[in-house]
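Asks: Quick one: the structure is below, questions incoming.
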Amino acid sequence: MPSARWQPTGLIRASVVLHGLALLTWIAAPELWRWALGAVLGNHALLTLIGLWPRSHWLGPNCTRLPAAAAAKNKIALSIDDGPDPAVTPQVLDILDRYAVQATFFCVGEKAARHPELCREIVQRGHAVENHTQRHPHYFAFLGIAALTREIQAAQDTLAAITGRTPLFFRAPAGLRSPLLDPVLARLGLRLVAWTRRGFDTRTSDPAIVNRRLMQSLEAGAILLLHDGNSARSSSGVPVIVALLPTLLEAAAAAGLRFVTLADAL
């Protein structure tokens with residue numbers, strides 16, 4: 001996907017104006033520096049809080065549902081993060097094959113490089129591989145523009161070299177980001193994707209609870225999030241995604257929903 005011209009949101013434009021006014025205030029009326037500093041710090045606090053809201057659109061375009069045209073055709077998307085995992089991903093792929101379901105795997109570049117054959121198998125079975133950073137750093141939202149670019153571009157290069165296809169979509173680790181991410185994604189030609197509903201299956205070991213969370217958005221146009229990497233285990237030691245996936249897919253089929261990759265729907 002070619003790079004796009006970055007279009008800052010209204011909030012970002014207002015933040016730039018506020019910083020400019022604060023600087024002018026400090027120059028013209030130094031005695032008011034505390035008020036100027038307070039306004040800037042308050043703005044940064046607001047931007048930080050919004051960055052902690054994965055489904056927010058205030059920092060830039062963010063896909064949280066499939067387009068209306070896709071929903072009208074009863075399409076739904078299953079996205080799977082943090083892999084590939086040699087113990088879990090093959091089981092997930094077998095289940096998806098059994099139900100003839102296509103999914104989108106947001107893969108970590110370093111993991112893909114350790115298991116390239118598994119990453120290629122994902123694509124060979126009809127699924128899509130997209131960008132979930134090179135190293136999945138927990139401090140991702142605090143990186144500067146140069147570091148963000150290196151992290152995301154490295155994953156682009158890694159995944160493209162393995163699969164023969166350059167990713168079109170990006171998901172931030174845990175969905176957390178800063179105002180600096182959107183211009184980087186625009187330059188790299190990537191589209192940010194969050195989700196409609198997630199099951200918190202990396203922290204919840206009861207498949208039934210995770211399944212109930214996902215069922216709340218089991219409707220046309222929804223983007224569901226599960227994990228093959230870092231998956232929690234049930235009391236019997238089964239990865240949560242493996243335990244609940246058949247039930248989820250059967251419920252979707254009964255509702256007349258058809259799973260597609262993000263590339264097919266967007």
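In the structure tokens, chains take the letters A, B, ... in the order shown, each chain's residues start at 1, and ligands count up from 1 in the order shown.
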Excluding region 257-262 of chain A and residues on its chain fewer than 6 positions from it, collect all residues at most 8 Å away from it, counting only C-alpha atoms, and give them as an MDAnalysis selection string.
Replies: chainID A and resid 66 74:78 101:104 127:128 219:220
Asks: Fewer than 6 positions away in the same chain doesn't count, so skip those; otherwise give me all residues within 10 Å of Leu190 (chain A), counting only C-alpha atoms, as an NGL selection string.
Replies: :A and (1-4 or 130-131 or 152 or 156 or 166-171 or 182 or 184)
Asks: Using only C-alpha atoms, determine which residues lie at most 6 Å from region 195-210 of chain A, disregarding the query and same-chain residues fewer than 5 positions distant; provide the list as a VMD selection string.
Replies: chain A and resid 64 to 65 222 to 225 230 to 234 240 244
Asks: Between A:Leu245, A:Ala172, A:Leu49, A:Leu23, which has the minimum distance to Arg191 (chain A) (counting only C-alpha atoms)?
Replies: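 So, comparing all the options, the nearest one is A:Ala172.
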Asks: Of the candidates A:Asn211, A:Ser178, A:Thr158, A:Ser15, which one gets nearest to Trp53 (chain A) if we count only C-alpha atoms?
Replies: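 Result for the nearest residue to Trp53 (chain A): A:Ser178.
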Asks: Can you pull out the residues contacting region 82-84 of chain A? Cut-off 6 Å, using only C-alpha atoms, and skip same-chain residues under 6 positions away; I want them as a ChimeraX atom specification.
Replies: /A:107-108,228-229
Asks: May I have the selected residues written with N, CA and C atoms, as a PDB file, in the first residue's frame?
Replies:
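So out-v1.pdb came out as:
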```pdb
ATOM      1  N   CYS A 107       0.982 -10.906  13.460  1.00  0.00           N
ATOM      2  CA  CYS A 107       2.163 -11.639  13.910  1.00  0.00           C
ATOM      3  C   CYS A 107       3.275 -10.701  14.362  1.00  0.00           C
ATOM      4  N   VAL A 108       4.030 -11.172  15.344  1.00  0.00           N
ATOM      5  CA  VAL A 108       5.211 -10.461  15.834  1.00  0.00           C
ATOM      6  C   VAL A 108       6.395 -10.874  14.970  1.00  0.00           C
ATOM      7  N   ASP A 228      -3.168 -16.403  19.755  1.00  0.00           N
ATOM      8  CA  ASP A 228      -2.483 -17.694  19.716  1.00  0.00           C
ATOM      9  C   ASP A 228      -1.154 -17.597  20.457  1.00  0.00           C
ATOM     10  N   GLY A 229      -0.552 -16.416  20.481  1.00  0.00           N
ATOM     11  CA  GLY A 229       0.622 -16.179  21.316  1.00  0.00           C
ATOM     12  C   GLY A 229       0.179 -15.676  22.682  1.00  0.00           C
TER      13      GLY A 229
END
```
Asks: When DSSP is applied to the backbone of this structure, which of region 196-251 of chain A are assigned alpha helix (DSSP H)? Write them out as a VMD selection string.
Replies: chain A and resid 207 to 215 240 to 251
Asks: Those residues with C-alpha atoms, as a PDB file, in the first residue's frame please?
Replies:
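result_32.pdb written:
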```pdb
ATOM      1  CA  PRO A 207     -12.917 -20.416  28.132  1.00  0.00           C
ATOM      2  CA  ALA A 208     -16.610 -19.982  28.943  1.00  0.00           C
ATOM      3  CA  ILE A 209     -16.031 -16.479  30.319  1.00  0.00           C
ATOM      4  CA  VAL A 210     -13.946 -15.464  27.307  1.00  0.00           C
ATOM      5  CA  ASN A 211     -16.583 -16.873  24.980  1.00  0.00           C
ATOM      6  CA  ARG A 212     -19.371 -14.906  26.694  1.00  0.00           C
ATOM      7  CA  ARG A 213     -17.424 -11.692  26.208  1.00  0.00           C
ATOM      8  CA  LEU A 214     -16.999 -12.346  22.505  1.00  0.00           C
ATOM      9  CA  MET A 215     -20.620 -13.399  22.049  1.00  0.00           C
ATOM     10  CA  VAL A 240      -8.071 -20.863  25.839  1.00  0.00           C
ATOM     11  CA  ILE A 241      -8.348 -20.047  22.138  1.00  0.00           C
ATOM     12  CA  VAL A 242      -8.245 -23.753  21.267  1.00  0.00           C
ATOM     13  CA  ALA A 243     -10.878 -24.594  23.888  1.00  0.00           C
ATOM     14  CA  LEU A 244     -13.421 -21.957  22.877  1.00  0.00           C
ATOM     15  CA  LEU A 245     -12.916 -21.550  19.135  1.00  0.00           C
ATOM     16  CA  PRO A 246     -15.200 -24.397  17.962  1.00  0.00           C
ATOM     17  CA  THR A 247     -18.105 -23.077  20.046  1.00  0.00           C
ATOM     18  CA  LEU A 248     -17.562 -19.538  18.779  1.00  0.00           C
ATOM     19  CA  LEU A 249     -17.370 -20.582  15.133  1.00  0.00           C
ATOM     20  CA  GLU A 250     -20.449 -22.775  15.406  1.00  0.00           C
ATOM     21  CA  ALA A 251     -22.432 -19.907  16.949  1.00  0.00           C
TER      22      ALA A 251
END
```
Asks: As a ChimeraX atom specification, list the residues of region 17-258 of chain A assigned to strand (DSSP E or B) by DSSP on the backbone atoms of this structure.
Replies: /A:63,65,75-83,104-107,128-131,169-170,191-193,197-198,222-227,233,239,258
Asks: Which residues of region 25-86 of chain A have any atom within 12 Å of an atom in region 17-20 of chain A when counting only C-alpha atoms, and what is the closest pair of atoms for each, with the distance in Å to one decimal? Order the rows by chain and rising number and write it as a Markdown table.
Replies:
```
| residue | atom | partner | partner_atom | distance |
| --- | --- | --- | --- | --- |
| A:Thr25 | CA | A:Gly20 | CA | 8.6 |
| A:Trp26 | CA | A:Gly20 | CA | 10.0 |
| A:Ile27 | CA | A:Gly20 | CA | 10.8 |
| A:Trp35 | CA | A:Leu18 | CA | 11.9 |
| A:Ala36 | CA | A:His19 | CA | 8.5 |
| A:Leu37 | CA | A:His19 | CA | 9.3 |
| A:Gly38 | CA | A:His19 | CA | 11.0 |
| A:Ala39 | CA | A:Leu18 | CA | 7.8 |
| A:Val40 | CA | A:His19 | CA | 6.3 |
| A:Leu41 | CA | A:His19 | CA | 9.9 |
| A:Gly42 | CA | A:Leu18 | CA | 10.6 |
| A:Asn43 | CA | A:Leu18 | CA | 8.2 |
| A:His44 | CA | A:His19 | CA | 10.2 |
```
Asks: Save out the residues we just selected, C-alpha atoms, as an mmCIF file, in the first residue's frame.
Replies:
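selection.cif was written with the following content:
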```cif
data_model
loop_
_atom_site.group_PDB
_atom_site.id
_atom_site.type_symbol
_atom_site.label_atom_id
_atom_site.label_comp_id
_atom_site.auth_asym_id
_atom_site.auth_seq_id
_atom_site.Cartn_x
_atom_site.Cartn_y
_atom_site.Cartn_z
ATOM 1 C CA THR A 25 2.250 33.402 26.716
ATOM 2 C CA TRP A 26 5.578 32.500 28.288
ATOM 3 C CA ILE A 27 7.377 34.989 26.011
ATOM 4 C CA TRP A 35 -0.667 28.692 33.747
ATOM 5 C CA ALA A 36 1.000 27.993 30.409
ATOM 6 C CA LEU A 37 2.847 24.968 31.795
ATOM 7 C CA GLY A 38 -0.316 23.677 33.447
ATOM 8 C CA ALA A 39 -2.224 23.873 30.174
ATOM 9 C CA VAL A 40 0.508 21.969 28.336
ATOM 10 C CA LEU A 41 0.754 19.290 31.034
ATOM 11 C CA GLY A 42 -3.025 18.916 31.068
ATOM 12 C CA ASN A 43 -3.014 18.461 27.306
ATOM 13 C CA HIS A 44 -0.317 15.791 27.536
#
```
Asks: List as a PDB file with C-alpha atoms, in the first residue's frame the protein and nucleic acid residues near region 135-143 of chain A, meaning an atom at most 6 Å away when only C-alpha atoms are counted, but skip any in the same chain fewer than 4 places from it.
Replies:
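For reference, around25.pdb as written:
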```pdb
ATOM      1  CA  GLU A 110      10.741 -11.868  15.807  1.00  0.00           C
ATOM      2  CA  ALA A 147      11.935   4.199  17.131  1.00  0.00           C
ATOM      3  CA  LEU A 148       8.320   3.616  16.056  1.00  0.00           C
ATOM      4  CA  PRO A 173       0.722  -4.020  21.299  1.00  0.00           C
ATOM      5  CA  LEU A 176      -1.892   1.293  23.225  1.00  0.00           C
ATOM      6  CA  ARG A 177      -0.419   4.163  21.238  1.00  0.00           C
ATOM      7  CA  SER A 178       0.634   7.795  21.223  1.00  0.00           C
TER       8      SER A 178
END
```
Asks: From the list A:Leu266, A:Leu226, A:Ile80, A:Leu180, which residue is nearest Leu59 (chain A) when using only C-alpha atoms?
Replies: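 So, comparing all the options, the nearest one is A:Leu180.
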Asks: Tell me which of A:Lys73, A:Arg120, A:His227, A:Arg150 sits closest to Thr133 (chain A), counting only C-alpha atoms.
Replies: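 Under the stated criterion, the closest residue is A:Arg150.
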